[in-house]
>>> print(open('start-v3.pdb').read())   # PDB, C-alpha atoms and all ligand atoms
MODEL        1
ATOM      1  CA  MET A  59     -14.286  -5.132   6.913
ATOM      2  CA  GLY A  60     -15.509  -8.505   5.775
ATOM      3  CA  SER A  61     -17.046  -9.571   9.088
ATOM      4  CA  THR A  62     -17.827  -8.269  12.545
ATOM      5  CA  SER A  63     -15.127 -10.691  13.688
ATOM      6  CA  ASP A  64     -12.562  -8.432  11.944
ATOM      7  CA  TRP A  65     -13.410  -5.483  14.196
ATOM      8  CA  GLU A  66     -10.960  -6.587  16.902
ATOM      9  CA  THR A  67      -8.233  -5.921  14.308
ATOM     10  CA  MET A  68      -9.759  -3.077  12.334
ATOM     11  CA  ARG A  69     -10.675  -1.022  15.406
ATOM     12  CA  HIS A  70      -6.991  -0.085  15.564
ATOM     13  CA  ALA A  71      -7.303   1.721  12.231
ATOM     14  CA  ALA A  72     -10.387   3.522  13.515
ATOM     15  CA  ARG A  73      -8.592   4.449  16.745
ATOM     16  CA  VAL A  74      -5.703   6.049  14.850
ATOM     17  CA  LEU A  75      -8.155   8.010  12.697
ATOM     18  CA  ASP A  76      -9.945   9.146  15.855
ATOM     19  CA  GLU A  77      -6.638  10.277  17.360
ATOM     20  CA  LEU A  78      -5.879  12.284  14.221
ATOM     21  CA  ASP A  79      -9.381  13.734  14.088
ATOM     22  CA  VAL A  80     -10.052  12.247  10.656
ATOM     23  CA  PRO A  81     -13.767  11.744   9.957
ATOM     24  CA  HIS A  82     -14.463   8.161   8.988
ATOM     25  CA  GLU A  83     -17.111   5.463   8.926
ATOM     26  CA  THR A  84     -16.929   1.760   9.724
ATOM     27  CA  ARG A  85     -18.929  -0.851   7.807
ATOM     28  CA  VAL A  86     -19.188  -4.617   7.476
ATOM     29  CA  VAL A  87     -19.211  -5.432   3.757
ATOM     30  CA  SER A  88     -18.364  -8.829   2.296
ATOM     31  CA  ALA A  89     -17.620  -9.726  -1.309
ATOM     32  CA  HIS A  90     -18.746 -13.250  -0.512
ATOM     33  CA  ARG A  91     -21.694 -12.854   1.846
ATOM     34  CA  THR A  92     -23.048  -9.441   0.830
ATOM     35  CA  PRO A  93     -21.955  -8.890  -2.789
ATOM     36  CA  GLN A  94     -24.672  -6.352  -3.550
ATOM     37  CA  ARG A  95     -23.708  -4.340  -0.445
ATOM     38  CA  LEU A  96     -20.109  -4.320  -1.654
ATOM     39  CA  TYR A  97     -21.155  -3.223  -5.142
ATOM     40  CA  ASP A  98     -23.268  -0.382  -3.743
ATOM     41  CA  TYR A  99     -20.580   0.655  -1.266
ATOM     42  CA  ALA A 100     -17.657   0.669  -3.695
ATOM     43  CA  THR A 101     -19.430   2.211  -6.675
ATOM     44  CA  GLY A 102     -20.961   4.933  -4.474
ATOM     45  CA  ALA A 103     -17.917   5.706  -2.329
ATOM     46  CA  ALA A 104     -16.440   8.561  -4.368
ATOM     47  CA  ASP A 105     -19.823  10.228  -4.969
ATOM     48  CA  ARG A 106     -20.478  10.163  -1.217
ATOM     49  CA  GLY A 107     -17.274  12.121  -0.686
ATOM     50  CA  LEU A 108     -15.041   9.368   0.634
ATOM     51  CA  LYS A 109     -11.364   9.900  -0.193
ATOM     52  CA  VAL A 110      -9.668   6.667   0.913
ATOM     53  CA  VAL A 111     -10.984   3.170   1.597
ATOM     54  CA  ILE A 112      -9.409   0.818   4.151
ATOM     55  CA  ALA A 113     -10.533  -2.753   3.549
ATOM     56  CA  GLY A 114      -9.689  -5.471   6.071
ATOM     57  CA  ALA A 115     -10.515  -9.118   5.536
ATOM     58  CA  GLY A 116      -9.230 -12.553   6.440
ATOM     59  CA  GLY A 117      -8.772 -15.896   4.703
ATOM     60  CA  ALA A 118      -9.895 -15.728   1.081
ATOM     61  CA  ALA A 119      -9.713 -11.964   1.364
ATOM     62  CA  HIS A 120     -11.304 -10.761  -1.856
ATOM     63  CA  LEU A 121     -12.874  -7.655  -0.333
ATOM     64  CA  PRO A 122     -10.001  -5.176  -0.868
ATOM     65  CA  GLY A 123      -9.373  -6.216  -4.468
ATOM     66  CA  MET A 124     -13.042  -6.267  -5.402
ATOM     67  CA  ALA A 125     -13.546  -2.871  -3.767
ATOM     68  CA  ALA A 126     -10.561  -1.526  -5.698
ATOM     69  CA  SER A 127     -12.031  -2.859  -8.941
ATOM     70  CA  MET A 128     -15.134  -0.718  -8.458
ATOM     71  CA  THR A 129     -13.682   2.614  -7.334
ATOM     72  CA  HIS A 130     -10.819   4.849  -8.386
ATOM     73  CA  LEU A 131     -10.259   5.858  -4.746
ATOM     74  CA  PRO A 132      -7.076   4.560  -3.105
ATOM     75  CA  VAL A 133      -7.794   1.226  -1.373
ATOM     76  CA  LEU A 134      -5.606   0.074   1.508
ATOM     77  CA  GLY A 135      -5.842  -3.633   2.319
ATOM     78  CA  VAL A 136      -5.355  -5.090   5.781
ATOM     79  CA  PRO A 137      -4.849  -8.872   5.956
ATOM     80  CA  VAL A 138      -6.725 -10.004   9.055
ATOM     81  CA  GLU A 139      -5.041 -12.891  10.869
ATOM     82  CA  SER A 140      -6.895 -16.114  10.093
ATOM     83  CA  LYS A 141      -6.972 -19.068  12.483
ATOM     84  CA  ALA A 142      -5.910 -21.808  10.070
ATOM     85  CA  LEU A 143      -3.063 -20.044   8.265
ATOM     86  CA  LYS A 144      -2.207 -17.133  10.572
ATOM     87  CA  GLY A 145      -3.125 -14.525   7.960
ATOM     88  CA  VAL A 146      -0.663 -15.621   5.291
ATOM     89  CA  ASP A 147      -3.693 -16.610   3.214
ATOM     90  CA  SER A 148      -5.196 -13.143   3.781
ATOM     91  CA  LEU A 149      -1.907 -11.452   2.871
ATOM     92  CA  TYR A 150      -1.441 -13.378  -0.348
ATOM     93  CA  SER A 151      -5.088 -12.860  -1.304
ATOM     94  CA  ILE A 152      -4.741  -9.110  -0.919
ATOM     95  CA  VAL A 153      -1.234  -8.406  -2.144
ATOM     96  CA  GLN A 154      -1.159 -10.344  -5.405
ATOM     97  CA  MET A 155      -3.370  -8.076  -7.463
ATOM     98  CA  PRO A 156      -3.140  -8.138 -11.236
ATOM     99  CA  GLY A 157      -1.469  -5.089 -12.771
ATOM    100  CA  GLY A 158      -4.008  -2.329 -13.317
ATOM    101  CA  ILE A 159      -6.015  -2.568 -10.072
ATOM    102  CA  PRO A 160      -3.803  -1.621  -7.124
ATOM    103  CA  VAL A 161      -4.408  -2.376  -3.453
ATOM    104  CA  GLY A 162      -1.903  -0.855  -1.047
ATOM    105  CA  THR A 163      -1.299  -3.852   1.184
ATOM    106  CA  LEU A 164      -0.293  -3.506   4.835
ATOM    107  CA  ALA A 165       1.067  -6.013   7.348
ATOM    108  CA  ILE A 166      -1.005  -8.843   8.860
ATOM    109  CA  GLY A 167      -3.188  -7.968  11.834
ATOM    110  CA  LYS A 168      -2.971  -5.097  14.309
ATOM    111  CA  PRO A 169       0.221  -3.457  12.946
ATOM    112  CA  GLY A 170      -1.331  -3.438   9.489
ATOM    113  CA  ALA A 171      -4.531  -1.856  10.777
ATOM    114  CA  ILE A 172      -2.595   0.829  12.657
ATOM    115  CA  ASN A 173      -0.506   1.590   9.589
ATOM    116  CA  ALA A 174      -3.551   1.627   7.325
ATOM    117  CA  GLY A 175      -4.997   4.384   9.501
ATOM    118  CA  LEU A 176      -1.715   6.303   9.415
ATOM    119  CA  LEU A 177      -1.287   5.837   5.676
ATOM    120  CA  ALA A 178      -4.844   6.941   4.965
ATOM    121  CA  ALA A 179      -4.188  10.038   7.067
ATOM    122  CA  ALA A 180      -0.909  10.663   5.224
ATOM    123  CA  ILE A 181      -2.725  10.472   1.876
ATOM    124  CA  LEU A 182      -5.361  12.932   3.085
ATOM    125  CA  ALA A 183      -2.655  15.165   4.579
ATOM    126  CA  THR A 184      -1.155  15.837   1.141
ATOM    127  CA  SER A 185      -4.050  18.255   0.617
ATOM    128  CA  ASP A 186      -4.786  19.193   4.229
ATOM    129  CA  GLU A 187      -2.115  21.187   6.074
ATOM    130  CA  ALA A 188      -3.887  21.019   9.419
ATOM    131  CA  LEU A 189      -4.002  17.231   9.218
ATOM    132  CA  ALA A 190      -0.339  17.167   8.171
ATOM    133  CA  GLY A 191       0.416  19.075  11.365
ATOM    134  CA  ARG A 192      -1.574  16.609  13.478
ATOM    135  CA  LEU A 193       0.196  13.705  11.801
ATOM    136  CA  LYS A 194       3.612  15.209  12.544
ATOM    137  CA  ALA A 195       2.577  15.781  16.167
ATOM    138  CA  TRP A 196       1.364  12.152  16.405
ATOM    139  CA  ARG A 197       4.731  10.918  15.153
ATOM    140  CA  THR A 198       6.617  13.198  17.527
ATOM    141  CA  ALA A 199       4.555  11.950  20.471
ATOM    142  CA  GLN A 200       5.311   8.378  19.434
ATOM    143  CA  THR A 201       9.030   9.121  19.266
ATOM    144  CA  ASP A 202       8.911  10.790  22.675
ATOM    145  CA  SER A 203       7.130   7.764  24.162
ATOM    146  CA  VAL A 204       9.891   5.319  23.239
ATOM    147  CA  ALA A 205      11.955   4.567  26.350
ATOM    148  CA  THR A 206      15.726   4.664  26.140
ATOM    149  CA  ASP A 207      16.017   2.028  28.865
ATOM    150  CA  PRO A 208      14.102  -1.274  28.769
ATOM    151  CA  GLU A 209      13.529  -1.183  32.546
TER     152      GLU A 209
HETATM  153  N1  LIG B   1     -12.486 -12.432   3.405
HETATM  154  C1  LIG B   1     -13.768 -12.226   3.707
HETATM  155  C2  LIG B   1     -14.722 -11.580   2.919
HETATM  156  C3  LIG B   1     -14.436 -10.948   1.615
HETATM  157  O1  LIG B   1     -13.287 -10.995   1.149
HETATM  158  O2  LIG B   1     -15.342 -10.343   1.058
HETATM  159  N2  LIG B   1     -15.876 -11.595   3.564
HETATM  160  C4  LIG B   1     -15.690 -12.192   4.751
HETATM  161  N3  LIG B   1     -14.403 -12.581   4.828
HETATM  162  C5  LIG B   1     -13.680 -13.083   5.974
HETATM  163  O3  LIG B   1     -14.080 -14.259   6.562
HETATM  164  C6  LIG B   1     -13.449 -14.304   7.843
HETATM  165  C7  LIG B   1     -14.275 -15.118   8.789
HETATM  166  O4  LIG B   1     -15.511 -14.476   8.995
HETATM  167  P1  LIG B   1     -16.493 -14.963  10.170
HETATM  168  O5  LIG B   1     -15.728 -14.726  11.462
HETATM  169  O6  LIG B   1     -17.697 -14.053  10.052
HETATM  170  O7  LIG B   1     -16.804 -16.405   9.912
HETATM  171  C8  LIG B   1     -13.274 -12.847   8.284
HETATM  172  O8  LIG B   1     -11.913 -12.582   8.564
HETATM  173  C9  LIG B   1     -13.762 -12.081   7.093
HETATM  174  O9  LIG B   1     -12.971 -10.963   6.758
ENDMDL
END
>>> encode(input="start-v3.pdb", output="C-alpha cells", more="lines below")
Ligand SMILES: Nc1c(C(=O)O)ncn1[C@@H]1O[C@H](COP(=O)(O)O)[C@@H](O)[C@H]1O
Amino acid sequence: MGSTSDWETMRHAARVLDELDVPHETRVVSAHRTPQRLYDYATGAADRGLKVVIAGAGGAAHLPGMAASMTHLPVLGVPVESKALKGVDSLYSIVQMPGGIPVGTLAIGKPGAINAGLLAAAILATSDEALAGRLKAWRTAQTDSVATDPE
C-alpha cells in the first residue's frame, strides 16, 4: 500500500488471506515517496517467490500501475477512498491503464480490498486444490450467514 494510512482499508485484504490460510506479507511502498523501494519490491517480487501482488493506493494512485510495469506477476489494484474525491480519483488512476500493462482493478475501499484478497486466493487456487477447497468452504459459510429475514 502507498501509505500507512491505507492500512485501515487494506487490512481487509490481509484478513481474508488470513482466513484462507494464504501466506502473505504487507508492505508500505510508494511510487511517489519511496520510488527506489517500489523498484526493488516490484523487480524482486517474482524471484522472492511471490505469486500475486495486491496494490492499494489513494488519490493519484500510481502504485499499482507502476508495480505492474516492473513485474509479470498479476497485480490487483485497490482504489483507496480519498477524502477530496471519495476515491473516484484513485479508481480512475488505477483502472485506466494503457494496453499492454494490466492491473486488475477492484472496487473503491473496503469491498475492493476484500475482493482483492478473494481474487488473489482464487488465482492461487487454480494450482492449489487444498486452497480451492478452503475458498469453496469460505463461500459456503458466507452463503449460510446471509439471513433470510431482515429482522
Ligand atoms: N497514491 C499513493 C502513492 C503511490 O501511488 O505510489 N503513494 C502514496 N499514495 C497515497 O497517498 C494517500 C495519502 O497518503 P498519506 O495519508 O500518507 O498522506 C494514500 O492513500 C496513499 O496511498
>>> closest_residue(input="start-v3.pdb", among="A:Ser63, A:Arg85, A:Leu134, A:Ile152", to="Leu176 in chain A", atoms="only C-alpha atoms")
A:Leu134
>>> axis_aligned_box(input="start-v3.pdb", around="ligand LIG 1 (chain B)", padding_each_side="3 Å", output="JSON")
{"center_x": -14.8, "center_y": -13.4, "center_z": 6.3, "size_x": 11.8, "size_y": 12.1, "size_z": 16.4}
>>> residues_around(input="start-v3.pdb", residues="Arg91 in chain A", least_positions_apart="4", cutoff="12 Å", atoms="all atoms listed in the file", output="PyMOL selection string")
chain A and resi 59-61+86-87+95-97+120-121
>>> resolve_selection(input="start-v3.pdb", expression="the PyMOL selection byres (((not hetatm)) within 10 of (chain B and resi 1))", output="number ranges by chain")
A: 59-65, 67, 86-93, 96, 113-125, 136-141, 145, 147-148, 151-152
>>> residues_around(input="start-v3.pdb", residues="range 192-197 of chain A", least_positions_apart="2", cutoff="10 Å", atoms="all atoms listed in the file", output="list of chain:residue names")
A:Val74, A:Glu77, A:Leu78, A:Asp79, A:Val80, A:Leu176, A:Ala179, A:Ala180, A:Ala183, A:Glu187, A:Ala188, A:Leu189, A:Ala190, A:Ala199, A:Gln200, A:Thr201, A:Asp202, A:Ser203
>>> resolve_selection(input="start-v3.pdb", expression="the PyMOL selection byres (((chain A and resi 177) around 10) and not hetatm)", output="list in words")
Ala71, Val110, Ile112, Leu134, Gly162, Leu164, Ala171, Ile172, Asn173, Ala174, Gly175, Leu176, Ala178, Ala179, Ala180, Ile181, Leu182 and Ala183 of chain A
>>> atom_distance(input="start-v3.pdb", atom1="CA of Leu143 in chain A", atom2="CA of Lys168 in chain A")
16.1 Å
>>> atom_distance(input="start-v3.pdb", atom1="CA of Leu108 in chain A", atom2="CA of Met128 in chain A")
13.6 Å
>>> atom_distance(input="start-v3.pdb", atom1="CA of Ser127 in chain A", atom2="CA of Gly107 in chain A")
17.9 Å
>>> residues_around(input="start-v3.pdb", residues="Pro160 in chain A", least_positions_apart="5", cutoff="8 Å", atoms="all atoms listed in the file", output="list in words")
Gly123, Ala126, Val133 and Met155 of chain A
>>> write_last_selection(input="start-v3.pdb", atoms="C-alpha atoms", output="compact mmCIF listing (two decimals), keeping the file's coordinate frame")
# COMPACT_ATOMS: atom_id res chain seq x y z
CA GLY A 123 -9.37 -6.22 -4.47
CA ALA A 126 -10.56 -1.53 -5.70
CA VAL A 133 -7.79 1.23 -1.37
CA MET A 155 -3.37 -8.08 -7.46
>>> closest_residue(input="start-v3.pdb", among="A:His130, A:Ala100, A:Val111, A:Glu209", to="Thr163 in chain A", atoms="all atoms listed in the file")
A:Val111
>>> closest_residue(input="start-v3.pdb", among="A:Lys109, A:Ala103, A:Asp186, A:Thr206", to="Thr129 in chain A", atoms="only C-alpha atoms")
A:Ala103
>>> decode(input="start-v3.pdb", residues="range 70-110 of chain A", atoms="N, CA and C atoms", output="CSV table (one decimal), in the first residue's frame")
chain,number,residue,atom,x,y,z
A,70,HIS,N,-8.4,-5.4,5.3
A,70,HIS,CA,-9.4,-6.3,4.9
A,70,HIS,C,-9.0,-7.4,3.9
A,71,ALA,N,-8.1,-7.0,3.1
A,71,ALA,CA,-7.5,-8.0,2.1
A,71,ALA,C,-6.6,-9.0,2.9
A,72,ALA,N,-5.8,-8.4,3.9
A,72,ALA,CA,-5.0,-9.3,4.7
A,72,ALA,C,-5.8,-10.3,5.6
A,73,ARG,N,-7.0,-9.7,6.1
A,73,ARG,CA,-7.8,-10.6,6.9
A,73,ARG,C,-8.4,-11.8,6.1
A,74,VAL,N,-8.8,-11.5,4.9
A,74,VAL,CA,-9.4,-12.6,4.0
A,74,VAL,C,-8.3,-13.6,3.8
A,75,LEU,N,-7.1,-13.1,3.5
A,75,LEU,CA,-6.0,-14.1,3.2
A,75,LEU,C,-5.6,-14.9,4.5
A,76,ASP,N,-5.7,-14.2,5.6
A,76,ASP,CA,-5.5,-15.0,6.9
A,76,ASP,C,-6.6,-16.1,7.0
A,77,GLU,N,-7.9,-15.7,6.8
A,77,GLU,CA,-9.0,-16.7,6.9
A,77,GLU,C,-8.8,-17.8,6.0
A,78,LEU,N,-8.2,-17.6,4.8
A,78,LEU,CA,-8.0,-18.7,3.8
A,78,LEU,C,-6.6,-19.4,4.0
A,79,ASP,N,-5.9,-18.9,5.0
A,79,ASP,CA,-4.6,-19.6,5.3
A,79,ASP,C,-3.6,-19.4,4.1
A,80,VAL,N,-3.7,-18.2,3.5
A,80,VAL,CA,-2.7,-17.9,2.4
A,80,VAL,C,-1.6,-17.1,2.9
A,81,PRO,N,-0.4,-17.6,2.8
A,81,PRO,CA,0.8,-16.8,3.3
A,81,PRO,C,0.9,-15.5,2.5
A,82,HIS,N,1.2,-14.4,3.2
A,82,HIS,CA,1.3,-13.1,2.6
A,82,HIS,C,2.1,-12.2,3.4
A,83,GLU,N,2.5,-11.1,2.8
A,83,GLU,CA,3.3,-10.1,3.5
A,83,GLU,C,2.6,-8.7,3.3
A,84,THR,N,2.8,-7.8,4.2
A,84,THR,CA,2.2,-6.5,4.0
A,84,THR,C,3.3,-5.4,4.0
A,85,ARG,N,3.3,-4.5,3.1
A,85,ARG,CA,4.4,-3.5,3.0
A,85,ARG,C,3.9,-2.1,2.6
A,86,VAL,N,4.5,-1.1,3.1
A,86,VAL,CA,4.2,0.2,2.6
A,86,VAL,C,5.3,0.6,1.6
A,87,VAL,N,4.8,0.9,0.4
A,87,VAL,CA,5.7,1.1,-0.8
A,87,VAL,C,5.0,2.2,-1.6
A,88,SER,N,5.7,3.3,-1.9
A,88,SER,CA,5.1,4.4,-2.6
A,88,SER,C,5.9,4.8,-3.8
A,89,ALA,N,5.1,4.8,-5.0
A,89,ALA,CA,5.8,5.2,-6.2
A,89,ALA,C,6.3,6.7,-6.1
A,90,HIS,N,5.6,7.5,-5.3
A,90,HIS,CA,5.9,8.9,-5.2
A,90,HIS,C,7.0,9.1,-4.1
A,91,ARG,N,6.8,8.6,-2.9
A,91,ARG,CA,7.6,8.9,-1.8
A,91,ARG,C,8.8,8.0,-1.6
A,92,THR,N,8.7,6.7,-2.1
A,92,THR,CA,9.8,5.8,-2.0
A,92,THR,C,10.0,5.0,-3.3
A,93,PRO,N,10.3,5.8,-4.3
A,93,PRO,CA,10.4,5.1,-5.7
A,93,PRO,C,11.4,4.0,-5.7
A,94,GLN,N,12.5,4.1,-5.0
A,94,GLN,CA,13.6,3.1,-5.1
A,94,GLN,C,13.0,1.8,-4.4
A,95,ARG,N,12.3,2.0,-3.3
A,95,ARG,CA,11.7,0.9,-2.6
A,95,ARG,C,10.7,0.1,-3.5
A,96,LEU,N,9.9,0.9,-4.3
A,96,LEU,CA,9.0,0.3,-5.2
A,96,LEU,C,9.7,-0.5,-6.3
A,97,TYR,N,10.8,0.1,-6.8
A,97,TYR,CA,11.6,-0.5,-7.9
A,97,TYR,C,12.1,-1.9,-7.3
A,98,ASP,N,12.7,-1.8,-6.2
A,98,ASP,CA,13.3,-3.0,-5.6
A,98,ASP,C,12.2,-4.1,-5.3
A,99,TYR,N,11.1,-3.6,-4.8
A,99,TYR,CA,10.0,-4.5,-4.4
A,99,TYR,C,9.4,-5.2,-5.7
A,100,ALA,N,9.1,-4.4,-6.7
A,100,ALA,CA,8.4,-5.0,-7.9
A,100,ALA,C,9.4,-5.8,-8.7
A,101,THR,N,10.6,-5.4,-8.9
A,101,THR,CA,11.5,-6.1,-9.7
A,101,THR,C,12.0,-7.4,-9.0
A,102,GLY,N,11.9,-7.4,-7.7
A,102,GLY,CA,12.3,-8.6,-7.0
A,102,GLY,C,11.2,-9.6,-6.6
A,103,ALA,N,10.0,-9.2,-6.8
A,103,ALA,CA,8.8,-9.9,-6.3
A,103,ALA,C,8.8,-11.4,-6.8
A,104,ALA,N,8.9,-11.6,-8.1
A,104,ALA,CA,8.8,-12.9,-8.6
A,104,ALA,C,10.0,-13.8,-8.1
A,105,ASP,N,11.2,-13.2,-8.1
A,105,ASP,CA,12.3,-14.0,-7.7
A,105,ASP,C,12.2,-14.4,-6.2
A,106,ARG,N,11.5,-13.6,-5.4
A,106,ARG,CA,11.3,-13.9,-4.0
A,106,ARG,C,10.2,-15.0,-3.8
A,107,GLY,N,9.5,-15.4,-4.9
A,107,GLY,CA,8.5,-16.4,-4.8
A,107,GLY,C,7.1,-15.9,-4.6
A,108,LEU,N,6.9,-14.6,-4.7
A,108,LEU,CA,5.6,-14.1,-4.7
A,108,LEU,C,4.8,-14.5,-5.9
A,109,LYS,N,3.5,-14.7,-5.8
A,109,LYS,CA,2.7,-15.1,-7.0
A,109,LYS,C,1.7,-14.1,-7.4
A,110,VAL,N,1.2,-13.3,-6.5
A,110,VAL,CA,0.2,-12.2,-6.8
A,110,VAL,C,0.6,-11.0,-6.0
